[in-house]
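J.: My structure is below; once you've seen it, I'll send some questions.
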Amino acid sequence: MTTTAQHAIGTFCWPELASTDQAGAKTFYAGLFGWTPNDTPMGDGNVYTIFKKDDRDAAALYQMGKEQASMPPHWGSYVAVASADEAAALATKLGARVAMAPFDVMESGRMAVIQDPQGAFVAVWQARQHPGIGVVDEPGALCWTELMTNDIAAAGKFYSALFGWTTETKRMGPQPYTVFKRDGRSKAGMIAITREMGPLPPHWLSYFAVRDTDAMVAKAIMLRGSVVAQPMDIPDVGRFAVLHDPQGAAFAILGEARKA
């Protein structure tokens, strides 16, 4: 069990689902991971849902508005930073687009949304009263975040400069896999989008830990989710699968490798 009250700078600290059906998403993820949804009014009849795991914040959810009509449902990823303003300014110098300028989220913190030069979106979070999720690296909690991009060399340089990460590339399966590190510890991953994956846009993919990957895939299907990538073992890592929730948002699950 890993409970956290603070996230180190340069680490992913908050997974947030933007959905076209908030009620349906609550039902799906509560059924899949056992999360308890807790709603907070946002005004104009809208609510912000925080998913709880044993009374600890595990993820969040909100209903997409009309201004997001051109975007598909998706999981967003937040990285902890010392200053949202400085991170946004540096990202601009590095060739990114600031999709949402820095702003305060009440007393909780300050954030900005950045679109990297290859097109993937990532948010930065400057914590004040709210540090981020309270649980990681256990079943039903965020355990990894992975960038899928069409230019791994350029993306590696961008994120290394933005977050102070270093890169280590290794062979993991059919193609090279890059691990982003900070202070010698693995923080995130990166893989190239291949032709076999279809017309995927660059994006960050959230992984949630599970005990049994195959059983969770079957459960997701029962809850009206669908399979994007069938369960597969990664040597020395575990067994993963990529899923779509009923609204179409992609996420991954990671459990123990199958025993021989």
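Please note that chains go A, B, ... in the order of the structure tokens, that every chain numbers its residues from 1, and that ligands are numbered from 1 in the order shown.
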Where does DSSP see alpha helix (DSSP H) in region 21-257 of chain A, if you list the residues as an MDAnalysis selection string?
T.: chainID A and resid 22:33 84:93 152:163 213:222
J.: Fewer than 6 positions away in the same chain doesn't count, so skip those; otherwise give me all residues within 8 Å of region 214-223 of chain A, counting only C-alpha atoms, as a list in words.
T.: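 Counting only C-alpha atoms, the residues come to Phe28, Gly31, Leu32, Pro231, Ala241, Leu243, Asp245 and Pro246 of chain A.
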J.: Excluding region 14-23 of chain A and residues on its chain fewer than 6 positions from it, collect all residues at most 6 Å away from it, counting only C-alpha atoms, and give them as a list in words.
T.: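 That gives Ala59, Ala60, Leu61, Tyr62, Gln63, Met64, Pro73, His74, Trp75, Gly76, Ser77, Tyr78, Gly132 and Ile133 of chain A.
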J.: Quick one: residues within 7 Å of Leu205 (chain A), only C-alpha atoms, excluding same-chain residues fewer than 2 positions away - as a list in words?
T.: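 Contacts, with the query itself left out: Thr145, Glu146, Leu147, His203, Tyr207 and Phe251 of chain A.
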J.: Pick the closest to Gly248 (chain A) from A:Gly34, A:Gly24, A:Ile9, A:Pro235: which is it, counting only C-alpha atoms?
T.: A:Gly24
